[in-house]
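**Student:** Below is a structure I'd like to ask you about.
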Amino acid sequence: QVRLVESGGGSVQPGGSLMLSCVTSGYTSSSGCMAWFRQAPRKEREGVAASWTGTTRTYYTDSVKGRFTISQDNAKKTLYLHMNSLKPEDTAMYYCAASIENCYSGSWWSRTRYNYWGQGTQVTVSS
């Protein structure tokens, strides 16, 4: 059974930083795709960043480029999202997702590509 468990969310002022973690168990794909999505109230869930397991390839949505960094620690079976220069519009529930297929630059952001999801961790950016 695959489990993804997120942590690290919280409340922070604009300009602040947070690091999200996603610990995986039962997920064994050596070349799959792991990603972070987010969903704000009354909005669609959107892809934030993705990391192609076993490679150095990463992908980001335009609104977070230069501010967020996705990384994996395979030994710890953990996916991270380092978030800097946070803005109020980053406020959302953040979800970890895993796919048994590779990341494809043209569709890494599509929810339908991912087989497994975590329960989410809330990030609130407010003064």
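Chain lettering (A, B, ...) mirrors the order of the structure tokens, residue numbering begins at 1 for each chain separately, and ligand numbering begins at 1 in order of display.
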Report the closest atom pair, with its distance in Å rounded to one decimal, for each residue of segment 33-109 of chain A that has an atom no farther than 6 Å from segment 17-20 of chain A; count only C-alpha atoms, sort by chain and then rising residue number, and write it as CSV.
**Tutor:**
residue,atom,partner,partner_atom,distance
A:Tyr80,CA,A:Leu20,CA,5.5
A:Leu81,CA,A:Leu20,CA,5.0
A:His82,CA,A:Met19,CA,4.5
A:Met83,CA,A:Leu18,CA,5.2
A:Asn84,CA,A:Ser17,CA,4.4
**Student:** Going by DSSP on the backbone, which bits of chain A are strand (DSSP E)? Write them as a ChimeraX atom specification, please.
**Tutor:** /A:3-7,10-12,18-25,33-39,46-52,58-60,68-73,78-83,92-99,116-117,121-125
**Student:** Of the residues A:Lys77, A:Glu89, A:Asn102, A:Tyr116, which is the one nearest to Pro14 of chain A, using only C-alpha atoms?
**Tutor:**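 Using only C-alpha atoms, Pro14 of chain A sits closest to A:Glu89.
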**Student:** Can you pull out every residue within 10 Å of Lys65 of chain A, counting only C-alpha atoms, but drop anything in the same chain fewer than 4 positions away, and send it as a list in words?
**Tutor:** Val48, Ala49, Tyr59, Tyr60, Thr61 and Thr69 of chain A
**Student:** Got a sec: who's within 10 Å of Asn74 of chain A, counting only C-alpha atoms, leaving out chain neighbours fewer than 6 positions off, as a ChimeraX atom specification?
**Tutor:** /A:24,30,53-54
**Student:** Selection from above, all heavy atoms, as a CSV table (one decimal), in the first residue's frame, can you write it?
**Tutor:**
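Saved to result17.csv:
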chain,number,residue,atom,x,y,z
A,24,THR,N,7.2,9.1,1.9
A,24,THR,CA,6.5,8.1,1.1
A,24,THR,C,6.8,6.7,1.7
A,24,THR,O,7.9,6.5,2.3
A,24,THR,CB,7.0,8.1,-0.3
A,24,THR,OG1,8.3,7.6,-0.4
A,24,THR,CG2,6.9,9.5,-0.9
A,30,SER,N,11.4,3.8,-9.6
A,30,SER,CA,12.7,4.3,-9.7
A,30,SER,C,12.8,5.4,-10.8
A,30,SER,O,13.8,6.1,-10.8
A,30,SER,CB,13.7,3.2,-10.0
A,30,SER,OG,13.5,2.6,-11.2
A,53,THR,N,12.1,11.3,-10.8
A,53,THR,CA,12.9,10.4,-10.0
A,53,THR,C,14.0,9.8,-10.8
A,53,THR,O,13.8,9.3,-11.9
A,53,THR,CB,12.0,9.3,-9.3
A,53,THR,OG1,11.0,9.9,-8.5
A,53,THR,CG2,12.9,8.4,-8.4
A,54,GLY,N,15.2,9.8,-10.2
A,54,GLY,CA,16.4,9.2,-10.9
A,54,GLY,C,17.0,10.1,-11.9
A,54,GLY,O,18.0,9.8,-12.5
**Student:** For atom CA of Thr55 of chain A and atom CA of Phe37 of chain A, determine how far apart the two atoms are, in Å to one decimal place.
**Tutor:**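 Taking atom CA of Thr55 of chain A as the start and atom CA of Phe37 of chain A as the end point, the length is 20.1 Å.
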**Student:** If we count only C-alpha atoms, what is near Pro41 of chain A at a cut-off of 12 Å, once residues fewer than 2 positions away on the same chain are taken out, given as an MDAnalysis selection string?
**Tutor:** chainID A and resid 38:39 43:46 89:94 122 124
**Student:** Calculated over only C-alpha atoms, which of the candidates A:Leu86, A:Ser107, A:Tyr114, A:Arg67 has the smallest distance to Ser11 of chain A?
**Tutor:**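 That would be A:Leu86, the residue with the smallest distance to Ser11 of chain A.
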**Student:** List every residue of chain A that DSSP, applied to the backbone of this structure, assigns to helix (DSSP H, G or I), and report them as a PyMOL selection string.
**Tutor:** chain A and resi 62-64+88-90+111-113
**Student:** For Tyr104 of chain A, which residue out of A:Leu4, A:Gly9, A:Ala75, A:Arg57 is the nearest one, using only C-alpha atoms?
**Tutor:** A:Arg57
**Student:** Have a look at A:Thr78, A:Ile100, A:Val125, A:Thr28 and name the one nearest to Ser7 of chain A; count only C-alpha atoms.
**Tutor:**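 For Ser7 of chain A, the nearest of the candidates is A:Thr78.
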